[in-house]
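Presented below is the structure to which this report refers.
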Amino acid sequence: MSLQDVGGGGAFLESFRRDLDYAFRTMKRDYGFTIFAILIVGLGVGASCTIFSVLNTILIRPLPFRDPGRLVWMANHTDDTNDMSGKTVQVNYLLDYRKLNKSFADLGAYMAFYGPGDAKLIGDGQPERLTSVPVTQNFFPLLGVEPQVGRQFRAEECVWNGPRAAMLSDGLWRRKFAADPNIVGKVLKFDGGPVTIVGVLPASFDFGTIFAPGTKVDMYEPFPLTTETNRWGNTLAIVGRLKQGASMEQAQAEAAILGPQLQRENPKMNEFDPKLSMLPAHVSGRLRPALLVLAGAVGVVMLIVCANLSNLLLARSAARQKEIAIRVALGAERRHLLGQILTESVFLSCSGAALGVVLAFLGARGLVQLSAMKIPLLADVSLDKASLAFAILIAVATGLLFGLAPAWSASELTLHDALQDSNRGSSRGRGHAWMRSALVVAEISLACVLLAGAGLLIRSFLHVLDVNLGFAPEHAMALRIDPSDSYKTQEEKNAYFTEALHDVMNVPGIEAAGLSDALPLGWNRSWGFAAKGVQYKPGEYPGGFPRMISEGYFRAMGIPLKAGRDFTERDTKGALNVIILNETAARTLFAGGPTRADSRGSCRGCAPHDA
């Protein structure tokens, strides 16, 4: 670098320093305008930065696994359903697929029908319900997740009736055991028996936010791939890792061959039609359109911010016309005037961006607390380095954008123009008015677009709220109960449930109570069912979502019966088997009305469509 270059760079820095100092003094002098502009920019940048943090976490940032670009999700039939039985796989299919496929280096799985709060810790202190997810022995090694304390599961712990072991989540380890480094090897007392802790997973691994949004998972137990678990039917959600050099297209083509082959070889097992997708696409692919629309809306907000501030700067520049014209008359070059005005606007924008970053930080923390929203990776949203870089970029871009028109207008000003603009009929004054009018029109147009979109969104949301749920959630409460392992037979467990139900009914203020094995809008399992004497074509065998309930459930949930009767205490073991169908099932099975169902029992009633 030559001395001339050094001198040129030094002159530039000195000029920039003077422009920055002048901009600061100008903003300090017009503090009312400055505060208003900083608030506008801060709100715009805060919203943009918050949405970028969400986009970055859900769509851009790779999953926190080893080489996540080679992880594949294997669904049964289709992944676009809430029917867990319809998209999970039987154990033997996983074992056979491991042996026969040539595309995957490994296939692991977790038991998709785990229940939140199923693990009941009954050791010293207050009993506590924990959520435990059964996983195959190779599940964590396949993902590349190593325990921060302890070890992975061993083969002897992954057999039927083998020694019970568990790995804790980082959250449970810190909350319940004060991050005890000697936790490995300790035995915890659960309602189902003692469990030995073999490891603690790292804080970077959050099963719930990736595989089960909205669920807090506390621990993991080994799931045995045995004949006994195969009899449970479709239970496994499968994740595979592609071999080096294998493509997704190759794996899907192979699945189209192996699926029917395995089904032919196992005619007594459930259907198996593997559908593959990359794991990142499975986790967040369905959210991409909505998030991109949201990002576009925020982009329109930033354009409104730019148009608004451009108009304000143009109006403000009218008071500075004589000042600028005098500087031109004294020899100020056009590029210096452009640099001065743009420096002021960028400095103003960056000041607003500082407020925006604070708002984005608060917004990100608020989103993380929305545990009721089942959005994958939402719990991982944070203001990281990428978000801060985005905030700086958008601050500079916004400052240049809303300062361009005022800077260009000021750079063309002369002393003659300034004096002429003070006259009522000035053509240049009309030119300024035209530019401001154009910005106002653009701002109003963009605001109308946003207003129309927001109106349609609110209208759709109100329609969703008006959907008939099929039950009345008002004044209804749910309480989970389950018998301990001291109740050995089903008759003993039923007696426990009956006594608990009677105790609840005796509580003052309780009008009705009933039992159910699953709450409405919860997880779904599907059963095939058919009317006796009816032949169905292949692929048209009817199915539905069963619920096990007691008498009083319909009354407690506000579900009216359309026909027939409710269950009674006489509907017990040894009596005639009875079921209640909803209207959709009744129409599907019996076009003229319900008569008799299949071997599961007789139809004695009919509930509404959504019951």
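Numbering starts fresh at 1 for the residues of each chain in the structure tokens, the chains themselves are lettered A, B, ... in the order given, and ligands are numbered from 1 as they appear.
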>> DSSP on the backbone: which residues in region 57-259 of chain A end up as helix (DSSP H, G or I)? Give the answer as JSON, numbers by chain.
In response: {"A": [57, 58, 59, 60, 68, 69, 70, 84, 85, 86, 87, 91, 92, 93, 94, 95, 96, 97, 98, 99, 100, 139, 140, 141, 142, 143, 155, 156, 157, 158, 170, 171, 172, 173, 174, 175, 176, 177, 207, 208, 209, 210, 211, 227, 228, 229, 230, 248, 249, 250, 251, 252, 253, 254, 255, 256, 257, 258, 259]}
List as a Markdown table every residue of region 485-509 of chain A that is in contact with region 531-552 of chain A, defined as an atom at most 10 Å from one of its atoms (using only C-alpha atoms), together with the nearest atom pair and the distance in Å rounded to one decimal, sorted by chain and then rising number.
| residue | atom | partner | partner_atom | distance |
| --- | --- | --- | --- | --- |
| A:Phe497 | CA | A:Ser550 | CA | 9.6 |
| A:Thr498 | CA | A:Ser550 | CA | 9.1 |
| A:Leu501 | CA | A:Ser550 | CA | 9.4 |
For those residues, write C-alpha atoms to a file as a compact mmCIF listing (two decimals), in the first residue's frame.
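The new file part_15.txt reads:
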# COMPACT_ATOMS: atom_id res chain seq x y z
CA PHE A 497 -61.16 -46.59 38.86
CA THR A 498 -64.75 -47.03 39.99
CA LEU A 501 -64.87 -41.93 40.09
> Lys186 (chain A): which residues within 9 Å, counting only C-alpha atoms, same-chain residues fewer than 5 positions away excluded, as a PyMOL selection string?
Replying inline: chain A and resi 195-198
> In terms of the shortest atom-to-atom distance over only C-alpha atoms, which of A:Gly42, A:Pro280, A:Gly399, A:Pro274 is closest to Ser310 (chain A)?
Replying inline: A:Gly399
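Distances here use only C-alpha atoms; by that measure, the residue among A:Ser484, A:Ser132, A:Ser85, A:Thr215 closest to Asp191 (chain A) is A:Ser484.
Take the candidates A:Leu59, A:Cys158, A:Lys573, A:Arg565 and check each one against Glu491 (chain A) using only C-alpha atoms; the shortest distance goes to A:Lys573.
In this comparison, which uses only C-alpha atoms, the residue of A:Ala447, A:Phe140, A:Ala155, A:Val149 approaching Ala297 (chain A) most closely is A:Ala447.
CA of Arg175 (chain A) lies 22.9 Å from CA of Phe153 (chain A).
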>> At a cut-off of 9 Å, using only C-alpha atoms, what residues contact region 346-351 of chain A? Leave out same-chain residues fewer than 3 positions from it and give the result as JSON, numbers by chain.
In response: {"A": [20, 23, 24, 27, 34, 37, 38, 41, 42, 341, 342, 343, 354, 355, 356, 391, 392, 395, 396, 397, 398, 399, 400, 402, 403]}
Please produce a file of those selected residues containing C-alpha atoms, as a tab-separated table (two decimals), in the first residue's frame.
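Saved to selection.tsv:
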chain	number	residue	atom	x	y	z
A	20	LEU	CA	-20.65	11.32	12.33
A	23	ALA	CA	-24.94	13.86	12.70
A	24	PHE	CA	-24.78	13.41	16.47
A	27	MET	CA	-29.82	14.57	16.31
A	34	THR	CA	-34.70	11.80	16.89
A	37	ALA	CA	-37.44	8.14	14.50
A	38	ILE	CA	-35.56	5.80	16.88
A	41	VAL	CA	-36.86	2.06	13.53
A	42	GLY	CA	-36.64	0.15	16.82
A	341	ILE	CA	-27.13	13.08	4.81
A	342	LEU	CA	-26.66	9.32	4.44
A	343	THR	CA	-24.39	9.24	7.50
A	354	ALA	CA	-29.99	-0.83	19.25
A	355	LEU	CA	-33.50	-0.46	20.70
A	356	GLY	CA	-34.71	-3.06	18.19
A	391	ALA	CA	-29.87	-6.60	12.85
A	392	ILE	CA	-26.75	-4.65	11.83
A	395	ALA	CA	-30.12	-1.24	10.20
A	396	VAL	CA	-27.57	-0.09	7.60
A	397	ALA	CA	-29.83	-1.07	4.69
A	398	THR	CA	-32.79	0.74	6.25
A	399	GLY	CA	-30.73	3.85	6.93
A	400	LEU	CA	-29.49	3.97	3.34
A	402	PHE	CA	-34.89	5.93	3.87
A	403	GLY	CA	-32.04	8.43	3.61
>> So that I can check the surroundings of Ile122 (chain A), please list as a count of residues only every protein, DNA and RNA residue that reaches within 9 Å of it, counting only C-alpha atoms and ignoring chain neighbours fewer than 4 positions away.
In response: 8
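In this comparison, which uses only C-alpha atoms, the residue of A:Val239, A:Ala476, A:Ala386, A:Leu63 approaching Ile510 (chain A) most closely is A:Ala476.
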Within 7 Å of region 91-112 of chain A: each region 235-306 of chain A residue with its shortest pair, only C-alpha atoms, as a Markdown table:
| residue | atom | partner | partner_atom | distance |
| --- | --- | --- | --- | --- |
| A:Thr235 | CA | A:Met111 | CA | 5.6 |
| A:Leu236 | CA | A:Met111 | CA | 4.8 |
| A:Ala237 | CA | A:Ala109 | CA | 5.3 |
| A:Ile238 | CA | A:Ala109 | CA | 4.3 |
| A:Val239 | CA | A:Gly108 | CA | 5.4 |
| A:Gly240 | CA | A:Leu107 | CA | 4.2 |
| A:Arg241 | CA | A:Phe104 | CA | 5.5 |
| A:Leu242 | CA | A:Phe104 | CA | 4.3 |
| A:Lys243 | CA | A:Ala105 | CA | 4.7 |
| A:Ala246 | CA | A:Ser103 | CA | 5.7 |
| A:Ala251 | CA | A:Ser103 | CA | 5.4 |
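CA of Ala47 (chain A) to CA of Phe205 (chain A) spans 28.1 Å [interatomic distance, one decimal].
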>> Among region 48-121 of chain A, which residues does DSSP mark as strand (DSSP E or B) when it is run on the backbone? Keep the chain and numbering as in the structure and answer as a ChimeraX atom specification.
In response: /A:71-76,83,89,104-111,119-121
